[in-house]
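S.K.: My structure is in protein.cif, and what it holds is mmCIF, C-alpha atoms:
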data_start
#
loop_
_atom_site.label_atom_id
_atom_site.label_comp_id
_atom_site.auth_asym_id
_atom_site.auth_seq_id
_atom_site.Cartn_x
_atom_site.Cartn_y
_atom_site.Cartn_z
CA ASP A 239 55.36 -31.59 25.46
CA ASP A 240 55.47 -28.63 23.02
CA THR A 241 59.22 -28.62 22.17
CA ASP A 242 58.52 -29.57 18.56
CA ALA A 243 55.60 -27.15 18.13
CA PRO A 244 55.98 -23.98 16.06
CA VAL A 245 56.91 -20.96 18.13
CA SER A 246 53.62 -19.27 17.25
CA LEU A 247 51.71 -22.10 18.97
CA MET A 248 53.82 -22.34 22.12
CA LEU A 249 51.82 -20.63 24.86
CA ALA A 250 54.82 -20.35 27.15
CA SER A 251 56.70 -18.32 24.50
CA ARG A 252 54.25 -15.41 24.89
CA PRO A 253 54.45 -13.55 28.22
CA GLY A 254 50.98 -12.11 27.79
CA TRP A 255 49.47 -15.60 27.52
CA GLN A 256 50.78 -16.91 30.86
CA PRO A 257 47.24 -17.06 32.35
CA LEU A 258 46.38 -19.67 29.70
CA VAL A 259 49.50 -21.66 30.60
CA ALA A 260 48.58 -21.57 34.29
CA LEU A 261 45.04 -22.75 33.52
CA ALA A 262 46.33 -25.63 31.39
CA GLU A 263 48.78 -26.65 34.14
CA ARG A 264 45.96 -26.63 36.72
CA THR A 265 43.85 -28.79 34.40
CA PHE A 266 46.61 -31.42 34.18
CA ALA A 267 47.43 -31.18 37.90
CA GLU A 268 43.82 -31.69 39.02
CA GLN A 269 42.87 -33.95 36.10
CA ALA A 270 39.62 -32.01 35.83
CA SER A 271 38.06 -29.39 33.56
CA GLN A 272 38.59 -25.75 34.52
CA GLN A 273 36.78 -22.49 33.77
CA ALA A 274 37.98 -18.90 34.19
CA GLU A 275 37.74 -15.39 32.78
CA LEU A 276 41.16 -14.14 31.71
CA ALA A 277 42.69 -10.94 30.36
CA LEU A 278 45.45 -11.64 27.82
CA GLU A 279 48.02 -9.23 26.40
CA ILE A 280 47.92 -9.68 22.63
CA GLY A 281 50.03 -6.66 21.76
CA PRO A 282 51.56 -3.49 23.22
CA GLY A 283 48.79 -1.90 25.27
CA GLU A 284 46.18 -4.23 23.74
CA ARG A 285 44.24 -6.67 25.90
CA VAL A 286 41.48 -9.12 25.18
CA HIS A 287 39.06 -10.52 27.79
CA LEU A 288 38.14 -14.16 27.33
CA ARG A 289 36.01 -16.78 29.02
CA VAL A 290 38.06 -20.00 28.90
CA ARG A 291 36.94 -23.59 29.50
CA THR A 292 39.37 -26.50 29.45
CA ARG A 293 38.79 -30.21 28.98
CA LEU A 294 41.13 -33.20 28.95
CA THR A 295 40.85 -35.63 26.05
CA PRO A 296 41.20 -39.34 26.81
CA PRO A 297 44.52 -40.86 25.59
CA HIS A 298 44.35 -42.96 22.42
CA ASP A 299 46.45 -45.74 23.91
CA GLN A 300 48.72 -46.47 26.86
CA GLN A 301 51.72 -44.74 25.28
CA SER A 302 49.94 -41.47 24.41
CA GLU A 303 49.13 -38.64 26.79
CA ALA A 304 45.91 -36.74 27.34
CA LEU A 305 45.58 -33.38 25.63
CA CYS A 306 44.16 -30.19 27.12
CA VAL A 307 41.54 -28.64 24.82
CA MET A 308 40.66 -24.98 25.42
CA PHE A 309 37.38 -23.34 24.43
CA LEU A 310 37.74 -19.53 24.15
CA GLN A 311 34.89 -17.02 24.09
CA ASP A 312 35.52 -13.33 23.45
CA LEU A 313 33.72 -11.49 26.24
CA ARG A 314 33.39 -8.27 24.26
CA GLU A 315 30.39 -9.60 22.34
CA ALA A 316 28.74 -10.90 25.51
CA GLU A 317 29.42 -7.62 27.33
CA ALA A 318 28.04 -5.61 24.41
CA ARG A 319 24.87 -7.74 24.36
CA LEU A 320 24.45 -7.32 28.12
CA ARG A 321 25.00 -3.58 27.83
CA THR A 322 22.35 -3.38 25.08
CA GLU A 323 19.87 -5.31 27.22
CA LYS A 324 20.53 -3.04 30.20
CA LEU A 325 20.07 0.08 28.09
CA ALA A 326 16.80 -1.28 26.70
CA ALA A 327 15.55 -2.00 30.22
CA MET A 328 16.61 1.47 31.38
CA GLY A 329 14.86 2.96 28.37
CA ARG A 330 11.59 1.22 29.20
CA MET A 331 11.80 2.33 32.83
CA SER A 332 12.70 5.91 31.84
CA ALA A 333 9.77 6.07 29.43
CA ALA A 334 7.39 4.87 32.15
CA VAL A 335 8.72 7.49 34.59
CA ALA A 336 8.52 10.19 31.91
CA HIS A 337 4.85 9.37 31.28
CA GLU A 338 4.14 9.71 35.00
CA ILE A 339 5.98 13.04 35.19
CA ARG A 340 4.36 14.65 32.15
CA ASN A 341 0.88 15.32 33.57
CA PRO A 342 1.88 16.81 36.97
CA LEU A 343 4.56 18.85 35.22
CA ALA A 344 1.98 20.32 32.85
CA ALA A 345 -0.23 21.13 35.85
CA ILE A 346 2.66 22.96 37.55
CA ALA A 347 3.37 24.97 34.41
CA GLN A 348 -0.29 25.90 33.99
CA ALA A 349 -0.71 26.88 37.65
CA ASN A 350 2.44 29.01 37.51
CA ALA A 351 1.16 30.80 34.39
CA LEU A 352 -2.14 31.60 36.12
CA LEU A 353 -0.36 32.89 39.23
CA ALA A 354 1.99 35.02 37.13
CA GLU A 355 -0.99 37.03 35.82
CA ASP A 356 -1.66 38.44 39.31
CA LEU A 357 1.93 39.09 40.39
CA ALA A 358 2.99 42.72 40.77
CA ARG A 359 6.26 42.68 42.68
CA ALA A 360 9.47 42.26 40.67
CA GLU A 361 10.92 39.55 42.94
CA GLN A 362 7.72 37.53 42.66
CA LYS A 363 7.81 37.75 38.86
CA GLN A 364 11.46 36.66 38.94
CA LEU A 365 10.60 33.57 40.97
CA SER A 366 7.69 32.77 38.66
CA ASP A 367 10.01 33.10 35.66
CA MET A 368 12.44 30.65 37.27
CA VAL A 369 9.62 28.14 37.69
CA ARG A 370 8.57 28.62 34.06
CA LYS A 371 12.09 28.12 32.66
CA ASN A 372 12.77 25.01 34.72
CA THR A 373 9.42 23.40 33.93
CA GLN A 374 10.14 24.01 30.24
CA ARG A 375 13.52 22.32 30.60
CA LEU A 376 11.97 19.35 32.42
CA ALA A 377 9.29 19.11 29.73
CA GLN A 378 12.02 19.01 27.06
CA ILE A 379 13.81 16.19 28.89
CA VAL A 380 10.54 14.23 29.19
CA ASP A 381 9.83 14.67 25.47
CA GLU A 382 13.32 13.52 24.49
CA ILE A 383 13.18 10.47 26.76
CA LEU A 384 9.88 9.50 25.13
CA ASN A 385 11.44 10.12 21.71
CA ILE A 386 14.23 7.68 22.56
CA ALA A 387 11.68 5.09 23.67
CA ARG A 388 9.76 5.51 20.41
CA VAL A 389 12.98 5.18 18.39
CA GLN A 390 13.88 1.93 20.20
CA GLN A 391 10.40 0.48 19.66
CA GLN A 392 10.02 1.41 15.99
CA PRO A 393 11.51 -1.03 13.46
CA ALA A 394 14.20 0.56 11.31
CA ALA A 395 12.90 1.08 7.79
CA PRO A 396 15.63 2.86 5.84
CA VAL A 397 14.66 3.94 2.34
CA ALA A 398 16.55 5.50 -0.51
CA LEU A 399 16.46 9.29 -0.22
CA GLU A 400 18.05 12.07 -2.24
CA LEU A 401 20.44 13.47 0.33
CA ASP A 402 20.67 17.11 -0.78
CA ALA A 403 16.89 17.46 -1.15
CA ALA A 404 16.25 15.95 2.29
CA VAL A 405 18.95 18.09 3.92
CA GLN A 406 17.70 21.30 2.30
CA ALA A 407 14.11 20.64 3.39
CA SER A 408 15.21 20.06 7.00
CA VAL A 409 17.46 23.14 7.01
CA VAL A 410 14.64 25.34 5.68
CA GLU A 411 12.25 23.97 8.33
CA TRP A 412 14.81 24.54 11.12
CA SER A 413 15.64 28.04 9.87
CA ARG A 414 12.02 29.14 10.17
CA HIS A 415 12.11 28.46 13.91
CA ALA A 416 15.75 29.25 14.77
CA ARG A 417 16.02 32.28 12.44
CA PRO A 418 19.82 32.14 12.08
CA GLY A 419 19.75 34.38 8.99
CA PRO A 420 23.20 34.79 7.39
CA ARG A 421 24.75 32.70 10.15
CA LEU A 422 23.84 29.53 8.24
CA GLY A 423 25.41 28.43 4.97
CA LEU A 424 24.41 25.40 2.89
CA GLN A 425 27.00 23.64 0.73
CA PRO A 426 25.35 21.05 -1.52
CA GLY A 427 27.40 18.09 -2.72
CA ALA A 428 27.47 16.47 -6.14
CA ALA A 429 24.09 16.19 -7.83
CA GLY A 430 22.14 13.00 -7.32
CA LEU A 431 23.58 11.82 -4.01
CA TRP A 432 21.36 9.02 -2.69
CA ALA A 433 21.65 7.50 0.77
CA ARG A 434 19.87 4.80 2.77
CA PHE A 435 18.15 6.40 5.76
CA ASP A 436 14.65 7.06 7.02
CA PRO A 437 13.73 10.66 6.01
CA GLU A 438 12.08 11.53 9.34
CA HIS A 439 15.02 10.14 11.30
CA LEU A 440 17.48 12.09 9.16
CA ARG A 441 15.46 15.24 9.82
CA ARG A 442 15.69 14.66 13.55
CA VAL A 443 19.44 14.00 13.40
CA LEU A 444 20.06 17.17 11.41
CA ILE A 445 17.85 19.38 13.59
CA ASN A 446 19.56 18.07 16.74
CA LEU A 447 22.97 18.83 15.23
CA LEU A 448 21.86 22.31 14.14
CA ASP A 449 20.43 23.07 17.59
CA ASN A 450 23.73 22.00 19.11
CA ALA A 451 25.71 24.13 16.62
CA LEU A 452 23.55 27.21 17.24
CA ARG A 453 24.10 26.92 20.98
CA TYR A 454 27.85 27.50 20.64
CA ALA A 455 28.27 29.33 17.32
CA SER A 456 29.09 33.03 17.00
CA THR A 457 26.77 35.59 15.40
CA SER A 458 28.99 36.18 12.37
CA ALA A 459 28.00 35.28 8.81
CA GLY A 460 28.60 31.64 7.95
CA ALA A 461 29.02 30.68 11.61
CA ILE A 462 27.19 27.41 10.82
CA VAL A 463 27.80 25.41 7.65
CA VAL A 464 25.88 22.34 6.47
CA ALA A 465 27.49 20.35 3.66
CA THR A 466 27.07 17.02 1.89
CA GLU A 467 29.79 15.00 0.24
CA ALA A 468 30.15 11.82 -1.78
CA GLY A 469 32.74 9.30 -0.59
CA ALA A 470 33.99 6.31 -2.52
CA ASP A 471 31.68 3.91 -0.66
CA ASP A 472 29.49 6.20 1.42
CA ARG A 473 27.70 9.53 1.68
CA MET A 474 28.59 12.21 4.23
CA LEU A 475 26.63 14.93 5.96
CA HIS A 476 28.67 17.62 7.75
CA VAL A 477 27.41 20.14 10.30
CA TRP A 478 30.13 22.65 11.24
CA SER A 479 30.11 25.64 13.57
CA ASP A 480 32.75 28.20 14.56
CA GLY A 481 32.37 27.55 18.29
CA PRO A 482 35.36 27.21 20.63
CA PRO A 483 37.21 23.87 20.89
CA LEU A 484 35.67 21.21 23.10
CA GLU A 485 37.64 20.07 26.12
CA ALA A 486 39.04 16.54 25.99
CA THR A 487 36.79 15.43 28.87
CA VAL A 488 33.73 16.72 26.99
CA GLN A 489 34.74 14.95 23.77
CA ARG A 490 34.96 11.58 25.55
CA HIS A 491 31.34 11.77 26.72
CA LEU A 492 29.71 13.64 23.82
CA PHE A 493 27.31 10.91 22.76
CA GLU A 494 26.42 9.63 26.22
CA PRO A 495 22.86 10.18 27.53
CA PHE A 496 22.26 13.12 29.91
CA PHE A 497 25.78 14.48 29.41
CA SER A 498 25.97 18.21 28.75
CA SER A 499 28.61 20.87 29.32
CA GLU A 500 26.01 23.54 30.14
CA SER A 501 22.75 23.73 32.03
CA ARG A 502 20.44 24.73 29.18
CA SER A 503 20.79 21.40 27.40
CA SER A 504 19.08 18.15 28.35
CA GLY A 505 22.13 16.16 27.26
CA LEU A 506 20.07 13.85 25.03
CA GLY A 507 20.34 15.44 21.57
CA LEU A 508 23.63 13.88 20.49
CA TYR A 509 22.72 10.58 22.13
CA ILE A 510 19.52 10.46 20.04
CA CYS A 511 21.59 11.24 16.93
CA ARG A 512 23.88 8.29 17.63
CA GLU A 513 20.96 5.95 18.33
CA LEU A 514 19.25 6.89 15.06
CA CYS A 515 22.46 6.56 13.06
CA GLU A 516 23.22 3.11 14.45
CA ARG A 517 19.73 1.91 13.55
CA HIS A 518 20.44 2.68 9.88
CA GLY A 519 24.01 1.41 9.68
CA ALA A 520 25.40 4.95 9.76
CA THR A 521 28.00 6.49 12.06
CA ILE A 522 28.42 9.90 13.65
CA ALA A 523 31.66 11.44 14.87
CA TYR A 524 33.12 14.73 16.11
CA ASP A 525 36.33 16.42 15.05
CA ARG A 526 37.97 19.80 15.36
CA ALA A 527 38.33 20.73 11.70
CA SER A 528 38.18 23.55 9.18
CA ALA A 529 34.89 24.68 7.65
CA PRO A 530 33.64 22.54 4.73
CA ASP A 531 33.08 25.70 2.64
CA GLY A 532 36.82 25.97 1.94
CA SER A 533 37.35 29.00 4.17
CA GLU A 534 39.89 27.18 6.40
CA ARG A 535 38.18 28.57 9.51
CA PRO A 536 38.67 26.29 12.54
CA GLY A 537 35.57 24.96 14.24
CA ASN A 538 33.62 21.98 15.52
CA LEU A 539 32.61 19.44 12.89
CA PHE A 540 30.04 16.66 13.26
CA THR A 541 30.02 14.16 10.41
CA VAL A 542 27.35 11.56 9.69
CA VAL A 543 28.52 8.79 7.35
CA LEU A 544 25.58 7.13 5.60
CA ARG A 545 25.30 4.05 3.44
CA PRO A 546 24.86 4.79 -0.28
CA ALA A 547 21.69 3.81 -2.10
CA ALA A 548 20.53 3.46 -5.66
CA PRO A 549 18.07 6.15 -6.82
CA ALA A 550 14.45 5.40 -6.04
CA PRO A 551 12.68 3.86 -9.08
CA VAL A 552 10.28 6.79 -9.56
CA ALA A 553 13.10 9.33 -9.41
CA ALA A 554 15.26 7.29 -11.76
CA ALA A 555 12.40 7.00 -14.28
CA ALA A 556 11.82 10.77 -14.09
CA ALA A 557 15.49 11.44 -14.69
CA ARG A 558 15.48 9.18 -17.76
CA ALA A 559 12.36 10.93 -19.07
CA VAL A 560 13.98 14.35 -18.71
CA GLY A 561 17.17 13.10 -20.32
CA GLY A 562 15.25 11.60 -23.23
#
Go ahead and render the structure in this file as structure tokens.
M.R.:
Amino acid sequence: DDTDAPVSLMLASRPGWQPLVALAERTFAEQASQQAELALEIGPGERVHLRVRTRLTPPHDQQSEALCVMFLQDLREAEARLRTEKLAAMGRMSAAVAHEIRNPLAAIAQANALLAEDLARAEQKQLSDMVRKNTQRLAQIVDEILNIARVQQQPAAPVALELDAAVQASVVEWSRHARPGPRLGLQPGAAGLWARFDPEHLRRVLINLLDNALRYASTSAGAIVVATEAGADDRMLHVWSDGPPLEATVQRHLFEPFFSSESRSSGLGLYICRELCERHGATIAYDRASAPDGSERPGNLFTVVLRPAAPAPVAAAAARAVGG
């Protein structure tokens, strides 16, 4: 009897908790433990999925009644663990398939290149060019699948890095290959921003984001902007481009593997970025926002939020020496 219980503890007083009431009633009716997976309404539009086990306690004496004890387990953690295990298994299988594909794919590309040397007719050259482009795309997908497998196998070893220096080095390296010229602008943050991230992994995240930005940016000056920023408890890396807005359906699947809104992309770049960020306790997100250079131009903004770090001992000692 719960007539004297506080309202907050009366299961029957909460409409969204009726499945728990029904399970308790079945436990008393059958005088046996019960088990079920239930979805409870804990607020407007908010549901929680639970695994519930019930057990009856023996009465203390002849006048007392048995109590129904409920053991609740939030299924979100179990589902997340299962999802992680499935992704790991899929990653291992994908890596094995990619290894098997790589050698015959290279043979196809090489044979096509040799055949192309003897082709004279325009339609034959066009077909050969189609083979070349598609083998290149398949080779890129294979490489990125193997990259994901390597990322999952390598232990995360974040170190303290000077954010602006690491970002500038990666931008310079990327610029040599992409040759964006005046299309790229670099906005450094406050001096001495240190973050906790593996330098090679940060380079890969930034290059993936720049490749994605270049794919949709215009050819005008400052079409791509890279900026760093110091938050109160974090460090931020922004990659902005003046591309058109992303559709809502595209935004929902941005960081999923093999999702791409156009055929030239493998759909793995942003997924790799998210995987690398999560390994280092960082996050990555998309927003439609103005350029971080203060120009108020609308565009697509990807922001990586990194954990702060104290300056590396060698760098700190050098700074003290210069100051002294």
S.K.: Need the neighbours of (16.9, 11.6, 0.5): which residues are at most 12 Å away, counting only C-alpha atoms, as a tab-separated table (two decimals) with C-alpha atoms, in the coordinates of the input?
M.R.:
chain	number	residue	atom	x	y	z
A	396	PRO	CA	15.63	2.86	5.84
A	397	VAL	CA	14.66	3.94	2.34
A	398	ALA	CA	16.55	5.50	-0.51
A	399	LEU	CA	16.46	9.29	-0.22
A	400	GLU	CA	18.05	12.07	-2.24
A	401	LEU	CA	20.44	13.47	0.33
A	402	ASP	CA	20.67	17.11	-0.78
A	403	ALA	CA	16.89	17.46	-1.15
A	404	ALA	CA	16.25	15.95	2.29
A	405	VAL	CA	18.95	18.09	3.92
A	406	GLN	CA	17.70	21.30	2.30
A	407	ALA	CA	14.11	20.64	3.39
A	408	SER	CA	15.21	20.06	7.00
A	429	ALA	CA	24.09	16.19	-7.83
A	430	GLY	CA	22.14	13.00	-7.32
A	431	LEU	CA	23.58	11.82	-4.01
A	432	TRP	CA	21.36	9.02	-2.69
A	433	ALA	CA	21.65	7.50	0.77
A	434	ARG	CA	19.87	4.80	2.77
A	435	PHE	CA	18.15	6.40	5.76
A	436	ASP	CA	14.65	7.06	7.02
A	437	PRO	CA	13.73	10.66	6.01
A	438	GLU	CA	12.08	11.53	9.34
A	439	HIS	CA	15.02	10.14	11.30
A	440	LEU	CA	17.48	12.09	9.16
A	441	ARG	CA	15.46	15.24	9.82
A	466	THR	CA	27.07	17.02	1.89
A	473	ARG	CA	27.70	9.53	1.68
A	475	LEU	CA	26.63	14.93	5.96
A	544	LEU	CA	25.58	7.13	5.60
A	545	ARG	CA	25.30	4.05	3.44
A	546	PRO	CA	24.86	4.79	-0.28
A	547	ALA	CA	21.69	3.81	-2.10
A	548	ALA	CA	20.53	3.46	-5.66
A	549	PRO	CA	18.07	6.15	-6.82
A	550	ALA	CA	14.45	5.40	-6.04
A	553	ALA	CA	13.10	9.33	-9.41
S.K.: Skipping near chain neighbours, those fewer than 6 positions away, what residues fall within 10 Å of Lys363 (chain A) using all atoms listed in the file, listed as a ChimeraX atom specification?
M.R.: /A:353-357,369
S.K.: If we count only C-alpha atoms and set the cut-off at 7 Å, which residues sit around Val542 (chain A), ignoring sequence neighbours fewer than 2 positions away in its own chain? Please answer as a PyMOL selection string.
M.R.: chain A and resi 474-476+520-523+540+544
S.K.: Can you tell me which residues surround Leu447 (chain A) at a distance of at most 12 Å, considering only C-alpha atoms, apart from same-chain residues fewer than 3 positions away, and format the answer as a PyMOL selection string?
M.R.: chain A and resi 408-409+412+440-444+450-455+462-464+475-479+493+506-512+522-524+538-542
S.K.: Name the residues within 9 Å of (36.3, -29.1, 26.0), counting only C-alpha atoms in the file's coordinates, and put them as a list in words.
M.R.: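 Returned residue set, sorted by chain then number, is Ser271, Arg291, Thr292, Arg293, Leu294, Thr295, Cys306, Val307, Met308 and Phe309 of chain A.
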